[in-house]
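Shown here: model-v4.pdb, PDB, C-alpha atoms.
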ATOM      1  CA  ARG A 320      74.478  89.249 116.031
ATOM      2  CA  PRO A 321      77.168  86.514 115.807
ATOM      3  CA  ARG A 322      80.717  87.697 116.376
ATOM      4  CA  LEU A 323      83.679  86.565 114.351
ATOM      5  CA  LEU A 324      85.826  83.946 116.073
ATOM      6  CA  ILE A 325      89.485  84.721 115.474
ATOM      7  CA  GLY A 326      91.731  81.671 115.490
ATOM      8  CA  LYS A 327      91.509  78.892 118.019
ATOM      9  CA  GLN A 328      92.841  80.781 121.018
ATOM     10  CA  GLN A 329      90.549  83.443 122.445
ATOM     11  CA  SER A 330      92.418  84.403 125.613
ATOM     12  CA  GLU A 331      95.899  84.110 127.036
ATOM     13  CA  PRO A 332      96.391  81.884 130.083
ATOM     14  CA  GLY A 333      96.518  83.557 133.464
ATOM     15  CA  ARG A 334      95.328  86.956 132.336
ATOM     16  CA  LYS A 335      92.108  88.656 131.442
ATOM     17  CA  THR A 336      92.129  90.245 128.026
ATOM     18  CA  THR A 337      90.090  93.296 128.986
ATOM     19  CA  ARG A 338      91.199  96.104 131.287
ATOM     20  CA  THR A 339      88.991  98.919 132.524
ATOM     21  CA  ILE A 340      90.585 102.296 131.720
ATOM     22  CA  ALA A 341      89.255 105.525 133.138
ATOM     23  CA  MET A 342      88.302 108.260 130.687
ATOM     24  CA  ASN A 343      91.289 110.424 129.684
ATOM     25  CA  GLN A 344      93.666 108.258 131.750
ATOM     26  CA  THR A 345      97.214 108.044 130.362
ATOM     27  CA  ILE A 346      98.518 104.491 130.488
ATOM     28  CA  ASP A 347     101.867 102.836 129.843
ATOM     29  CA  THR A 348     100.799  99.803 127.866
ATOM     30  CA  ALA A 349     104.259  98.236 128.085
ATOM     31  CA  GLN A 350     103.804  97.936 131.848
ATOM     32  CA  MET A 351     100.266  96.537 131.528
ATOM     33  CA  TYR A 352     101.148  94.098 128.760
ATOM     34  CA  PRO A 353     104.846  93.124 128.675
ATOM     35  CA  GLN A 354     104.651  91.740 125.116
ATOM     36  CA  ILE A 355     104.159  95.298 123.853
ATOM     37  CA  GLN A 356     107.722  96.127 124.902
ATOM     38  CA  THR A 357     108.601  94.582 121.557
ATOM     39  CA  ILE A 358     107.110  97.453 119.582
ATOM     40  CA  HIS A 359     108.787 100.084 121.759
ATOM     41  CA  SER A 360     112.288  98.670 121.196
ATOM     42  CA  ALA A 361     111.958  98.093 117.458
ATOM     43  CA  PHE A 362     112.730 101.493 115.974
ATOM     44  CA  ASP A 363     116.535 101.681 116.112
ATOM     45  CA  ASP A 364     117.339 100.462 112.603
ATOM     46  CA  PHE A 365     114.037 101.055 110.806
ATOM     47  CA  LEU A 366     115.158 104.209 108.973
ATOM     48  CA  LYS A 367     118.286 102.428 107.765
ATOM     49  CA  TYR A 368     116.196  99.420 106.716
ATOM     50  CA  CYS A 369     113.903 101.664 104.650
ATOM     51  CA  LYS A 370     116.840 103.360 102.939
ATOM     52  CA  GLU A 371     118.294  99.998 101.965
ATOM     53  CA  ASN A 372     115.023  98.587 100.645
ATOM     54  CA  LEU A 373     113.941 101.739  98.830
ATOM     55  CA  ASN A 374     117.353 101.909  97.146
ATOM     56  CA  GLY A 375     117.917 105.355  98.592
ATOM     57  CA  ASN A 376     114.885 106.692  96.707
ATOM     58  CA  MET A 377     113.495 108.662  99.637
ATOM     59  CA  ASP A 378     112.071 112.143  99.211
ATOM     60  CA  GLU A 379     111.241 114.541 102.034
ATOM     61  CA  PRO A 380     107.638 113.323 102.570
ATOM     62  CA  THR A 381     108.834 109.702 102.779
ATOM     63  CA  ILE A 382     111.452 110.568 105.410
ATOM     64  CA  THR A 383     108.805 112.516 107.352
ATOM     65  CA  HIS A 384     106.461 109.510 107.261
ATOM     66  CA  ILE A 385     109.203 107.107 108.370
ATOM     67  CA  ASN A 386     110.045 109.399 111.278
ATOM     68  CA  GLY A 387     106.335 109.455 112.127
ATOM     69  CA  ILE A 388     106.301 105.641 112.199
ATOM     70  CA  ILE A 389     109.377 105.622 114.432
ATOM     71  CA  ALA A 390     107.640 108.093 116.777
ATOM     72  CA  GLY A 391     104.707 105.685 116.898
ATOM     73  CA  LEU A 392     106.994 102.776 117.773
ATOM     74  CA  GLN A 393     108.436 104.849 120.612
ATOM     75  CA  ASP A 394     105.040 105.897 121.982
ATOM     76  CA  LYS A 395     104.558 103.798 125.123
ATOM     77  CA  THR A 396     100.869 104.668 125.374
ATOM     78  CA  LYS A 397     100.089 102.981 122.033
ATOM     79  CA  TRP A 398     100.242  99.469 120.610
ATOM     80  CA  GLY A 399      99.524 100.254 116.972
ATOM     81  CA  ILE A 400     100.077 102.664 114.095
ATOM     82  CA  ILE A 401      97.561 103.919 111.545
ATOM     83  CA  MET A 402      98.770 105.567 108.338
ATOM     84  CA  MET A 403      96.037 107.864 107.055
ATOM     85  CA  GLY A 404      95.881 109.964 103.927
ATOM     86  CA  ASN A 405      95.723 110.342 100.201
ATOM     87  CA  VAL A 406      95.475 107.543  97.653
ATOM     88  CA  GLY A 407      98.869 106.631  96.206
ATOM     89  CA  ALA A 408     100.840 108.512  98.873
ATOM     90  CA  GLY A 409     103.062 105.563  99.812
ATOM     91  CA  LYS A 410     101.218 104.138 102.839
ATOM     92  CA  THR A 411     101.152 100.514 101.683
ATOM     93  CA  THR A 412     104.812 100.560 100.661
ATOM     94  CA  LEU A 413     105.906 101.718 104.109
ATOM     95  CA  MET A 414     103.577  99.323 105.913
ATOM     96  CA  ARG A 415     104.979  96.371 103.959
ATOM     97  CA  LEU A 416     108.474  97.494 104.953
ATOM     98  CA  LEU A 417     107.365  97.810 108.594
ATOM     99  CA  ASN A 418     105.787  94.368 108.496
ATOM    100  CA  ASP A 419     108.896  92.792 106.941
ATOM    101  CA  TYR A 420     111.129  94.634 109.402
ATOM    102  CA  PHE A 421     109.304  93.133 112.366
ATOM    103  CA  PHE A 422     109.668  89.621 110.988
ATOM    104  CA  THR A 423     113.343  89.904 110.000
ATOM    105  CA  HIS A 424     114.786  92.280 112.619
ATOM    106  CA  VAL A 425     112.503  91.982 115.649
ATOM    107  CA  TYR A 426     111.526  88.305 115.520
ATOM    108  CA  HIS A 427     114.623  87.280 113.518
ATOM    109  CA  ASN A 428     112.720  85.175 110.960
ATOM    110  CA  ASN A 429     111.254  82.998 113.715
ATOM    111  CA  LYS A 430     108.076  81.507 112.234
ATOM    112  CA  ALA A 431     106.774  80.849 115.753
ATOM    113  CA  TYR A 432     105.982  84.582 115.859
ATOM    114  CA  PRO A 433     103.829  85.209 112.789
ATOM    115  CA  VAL A 434     103.751  88.702 111.320
ATOM    116  CA  ILE A 435     100.813  88.844 108.912
ATOM    117  CA  PHE A 436      99.822  91.308 106.188
ATOM    118  CA  ARG A 437      96.176  91.349 105.004
ATOM    119  CA  THR A 438      94.033  93.738 103.059
ATOM    120  CA  ALA A 439      90.700  94.584 104.689
ATOM    121  CA  LYS A 440      88.956  93.084 101.659
ATOM    122  CA  GLU A 441      90.833  89.787 102.111
ATOM    123  CA  ILE A 442      89.705  89.582 105.730
ATOM    124  CA  ALA A 443      86.082  90.237 104.742
ATOM    125  CA  LYS A 444      86.294  87.610 101.990
ATOM    126  CA  LYS A 445      87.607  85.003 104.449
ATOM    127  CA  ALA A 446      84.592  85.685 106.673
ATOM    128  CA  ILE A 447      82.236  85.002 103.758
ATOM    129  CA  ILE A 448      83.773  81.628 102.902
ATOM    130  CA  GLY A 449      84.260  80.637 106.537
ATOM    131  CA  GLY A 450      88.055  80.360 106.396
ATOM    132  CA  GLU A 451      90.023  79.908 109.604
ATOM    133  CA  TYR A 452      91.473  83.155 110.874
ATOM    134  CA  ASP A 453      95.082  83.731 111.837
ATOM    135  CA  GLU A 454      94.577  87.325 112.942
ATOM    136  CA  TYR A 455      95.450  86.368 116.531
ATOM    137  CA  CYS A 456      99.122  86.689 115.475
ATOM    138  CA  ASN A 457     101.755  88.767 117.253
ATOM    139  CA  VAL A 458     101.760  91.501 114.628
ATOM    140  CA  LEU A 459      98.947  92.142 112.135
ATOM    141  CA  ALA A 460      98.976  94.700 109.338
ATOM    142  CA  ILE A 461      95.598  95.586 107.776
ATOM    143  CA  ASP A 462      95.905  97.430 104.475
ATOM    144  CA  ASP A 463      93.194  99.666 102.977
ATOM    145  CA  LEU A 464      90.976  99.830 106.039
ATOM    146  CA  GLY A 465      87.537 101.018 104.938
ATOM    147  CA  GLU A 466      87.656  99.510 101.438
ATOM    148  CA  GLU A 467      85.833  96.375 102.578
ATOM    149  CA  ALA A 468      82.120  95.910 103.134
ATOM    150  CA  LYS A 469      81.297  96.646 106.763
ATOM    151  CA  GLU A 470      78.952  93.672 107.007
ATOM    152  CA  VAL A 471      79.167  90.341 105.184
ATOM    153  CA  MET A 472      77.074  87.180 105.188
ATOM    154  CA  GLY A 473      78.770  84.059 106.488
ATOM    155  CA  TYR A 474      76.687  80.873 106.495
ATOM    156  CA  GLY A 475      73.499  82.896 106.821
ATOM    157  CA  ASN A 476      74.805  85.135 109.597
ATOM    158  CA  VAL A 477      75.616  88.838 109.388
ATOM    159  CA  ILE A 478      79.252  89.323 110.417
ATOM    160  CA  THR A 479      81.355  92.463 110.866
ATOM    161  CA  PRO A 480      84.844  90.923 110.549
ATOM    162  CA  ILE A 481      86.982  94.058 110.628
ATOM    163  CA  ILE A 482      85.163  95.494 113.648
ATOM    164  CA  ASP A 483      85.440  92.175 115.477
ATOM    165  CA  ILE A 484      89.166  91.893 114.728
ATOM    166  CA  MET A 485      89.848  95.500 115.752
ATOM    167  CA  GLU A 486      87.989  95.047 119.040
ATOM    168  CA  HIS A 487      89.752  91.757 119.717
ATOM    169  CA  ARG A 488      93.184  93.277 119.163
ATOM    170  CA  TYR A 489      92.273  96.340 121.220
ATOM    171  CA  ASP A 490      91.162  94.225 124.181
ATOM    172  CA  SER A 491      94.175  91.882 124.041
ATOM    173  CA  ARG A 492      96.686  94.673 123.253
ATOM    174  CA  LYS A 493      97.991  92.954 120.145
ATOM    175  CA  ILE A 494     100.327  95.005 117.947
ATOM    176  CA  THR A 495      98.401  96.176 114.871
ATOM    177  CA  PHE A 496      99.212  98.427 111.923
ATOM    178  CA  PHE A 497      96.693  99.954 109.513
ATOM    179  CA  THR A 498      96.604 101.972 106.323
ATOM    180  CA  THR A 499      93.480 103.835 105.246
ATOM    181  CA  ASN A 500      92.308 106.488 102.816
ATOM    182  CA  LEU A 501      89.671 107.519 105.367
ATOM    183  CA  ASP A 502      90.101 110.443 107.718
ATOM    184  CA  ALA A 503      88.985 110.387 111.367
ATOM    185  CA  ASN A 504      85.426 111.374 110.466
ATOM    186  CA  GLY A 505      85.310 108.730 107.739
ATOM    187  CA  ILE A 506      86.381 106.034 110.196
ATOM    188  CA  LYS A 507      83.712 107.146 112.662
ATOM    189  CA  GLU A 508      81.061 107.101 109.931
ATOM    190  CA  LYS A 509      82.141 103.667 108.674
ATOM    191  CA  TYR A 510      82.631 101.821 111.964
ATOM    192  CA  GLY A 511      80.826 103.904 114.589
ATOM    193  CA  ALA A 512      81.994 106.202 117.377
ATOM    194  CA  ARG A 513      82.942 103.397 119.781
ATOM    195  CA  VAL A 514      85.326 101.663 117.363
ATOM    196  CA  ALA A 515      86.743 104.988 116.141
ATOM    197  CA  ASP A 516      87.508 106.008 119.730
ATOM    198  CA  ARG A 517      89.215 102.688 120.470
ATOM    199  CA  LEU A 518      91.269 102.947 117.280
ATOM    200  CA  LYS A 519      92.375 106.441 118.316
ATOM    201  CA  GLN A 520      93.435 105.198 121.750
ATOM    202  CA  MET A 521      95.197 102.181 120.273
ATOM    203  CA  CYS A 522      97.109 103.782 117.398
ATOM    204  CA  HIS A 523      99.658 106.483 116.789
ATOM    205  CA  ILE A 524      98.507 108.421 113.708
ATOM    206  CA  VAL A 525     100.838 109.124 110.788
ATOM    207  CA  SER A 526      99.276 111.528 108.284
ATOM    208  CA  PHE A 527     100.099 111.333 104.567
ATOM    209  CA  THR A 528      99.279 114.644 102.851
ATOM    210  CA  ASN A 529     101.651 114.445  99.886
ATOM    211  CA  PRO A 530     100.420 114.019  96.289
ATOM    212  CA  SER A 531     100.084 110.582  94.730
ATOM    213  CA  TYR A 532     103.233 108.839  93.421
ATOM    214  CA  ARG A 533     101.186 106.976  90.825
TER     215      ARG A 533
END
Would you mind writing the structure in this file as structure tokens?
Amino acid sequence: RPRLLIGKQQSEPGRKTTRTIAMNQTIDTAQMYPQIQTIHSAFDDFLKYCKENLNGNMDEPTITHINGIIAGLQDKTKWGIIMMGNVGAGKTTLMRLLNDYFFTHVYHNNKAYPVIFRTAKEIAKKAIIGGEYDEYCNVLAIDDLGEEAKEVMGYGNVITPIIDIMEHRYDSRKITFFTTNLDANGIKEKYGARVADRLKQMCHIVSFTNPSYR
């Protein structure tokens, strides 16, 4: 089965993109991949940034979720965050704020370090039409994971774009954020046990159990 090619650059000079990790081994990803130090030093002003951009309209669940995101940014064994839970619970709003925060406060509006927000459906659609991918970026946020078709046809080939992107970013330790309405079992059923296990190792989980705001 053809695999999705992501961008023009497939590896970083002078370093293999895949590391062998023993089962149940605890790793400090910041030591293995120095670029991940960025995510672990980015949490200082995020709560303040959210308060400013939500105009102070922050209830108790929202504060709990923001603190969960901050905990994920501090977790040196992870290089991603996945926000899981109910429809309409505020996941996309907080991920957009997190994405914007990285661009403005971590990379200081430097366009040389792209911070990209995509829905899973948009990524799948790009695979169908053969568009060039920019998901090799420093920080990628994938919204509504699981809403897209698992397999799509691109120029007569069956492609699994989301799986390919997730595996690429897992192997290269690229910072990635997700939102999804799926639970852990739903992710395993949608993408398979191997991908679900990698996503669990890669991401700090923030659970959204509050009712919908819609």
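This file, filtered with the PyMOL selection byres ((chain A and resi 364) around 12), gives the residues Ser360, Ala361, Phe362, Asp363, Phe365, Leu366, Lys367, Tyr368, Cys369, Lys370, Glu371, Ile385, Asn386, Ile389, Leu392, Leu417, Tyr420, Phe421, Thr423, His424 and Val425 of chain A.
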*Grab the atom CA of Phe497 of chain A to atom CA of Leu413 of chain A distance for me, in Å with one decimal place.*
10.8 Å
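Computed from the coordinates, the atom CA of Gly404 of chain A to atom CA of Val434 of chain A distance equals 23.8 Å.
Between atom CA of Asn457 of chain A and atom CA of Ala408 of chain A the interatomic distance comes to 27.0 Å.
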Evaluate the PyMOL selection byres ((chain A and resi 468) around 12) and record the selected residues as a compact mmCIF listing (two decimals) with C-alpha atoms, keeping the file's coordinate frame, following the chain and residue labels used in the document.
# COMPACT_ATOMS: atom_id res chain seq x y z
CA ALA A 439 90.70 94.58 104.69
CA LYS A 440 88.96 93.08 101.66
CA GLU A 441 90.83 89.79 102.11
CA ILE A 442 89.70 89.58 105.73
CA ALA A 443 86.08 90.24 104.74
CA LYS A 444 86.29 87.61 101.99
CA ALA A 446 84.59 85.68 106.67
CA ILE A 447 82.24 85.00 103.76
CA ASP A 463 93.19 99.67 102.98
CA LEU A 464 90.98 99.83 106.04
CA GLY A 465 87.54 101.02 104.94
CA GLU A 466 87.66 99.51 101.44
CA GLU A 467 85.83 96.38 102.58
CA LYS A 469 81.30 96.65 106.76
CA GLU A 470 78.95 93.67 107.01
CA VAL A 471 79.17 90.34 105.18
CA MET A 472 77.07 87.18 105.19
CA VAL A 477 75.62 88.84 109.39
CA ILE A 478 79.25 89.32 110.42
CA THR A 479 81.36 92.46 110.87
CA PRO A 480 84.84 90.92 110.55
CA ILE A 481 86.98 94.06 110.63
CA ILE A 482 85.16 95.49 113.65
CA LYS A 509 82.14 103.67 108.67
CA TYR A 510 82.63 101.82 111.96
*Out of A:Ala515, A:Ile388, A:Leu373, A:Met521, which residue has the shortest atom-to-atom distance to Met402 of chain A when counting all atoms listed in the file?*
A:Ile388
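With distances restricted to all atoms listed in the file, A:Phe527 is the closest residue to Thr383 of chain A from A:Phe527, A:Tyr426, A:Tyr489, A:Phe496.
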_For Arg517 of chain A, the nearest of the candidates A:Met485, A:Ile435, A:Ile401, A:Ile382, counting only C-alpha atoms_ = A:Met485
*asked:* Please expand the PyMOL selection byres ((chain A and resi 406) around 12) into the concrete residues it hits in this file, giving the result as JSON, numbers by chain.
replied: {"A": [402, 403, 404, 405, 407, 408, 409, 410, 411, 463, 466, 498, 499, 500, 501, 502, 526, 527, 528, 529, 530, 531, 532, 533]}
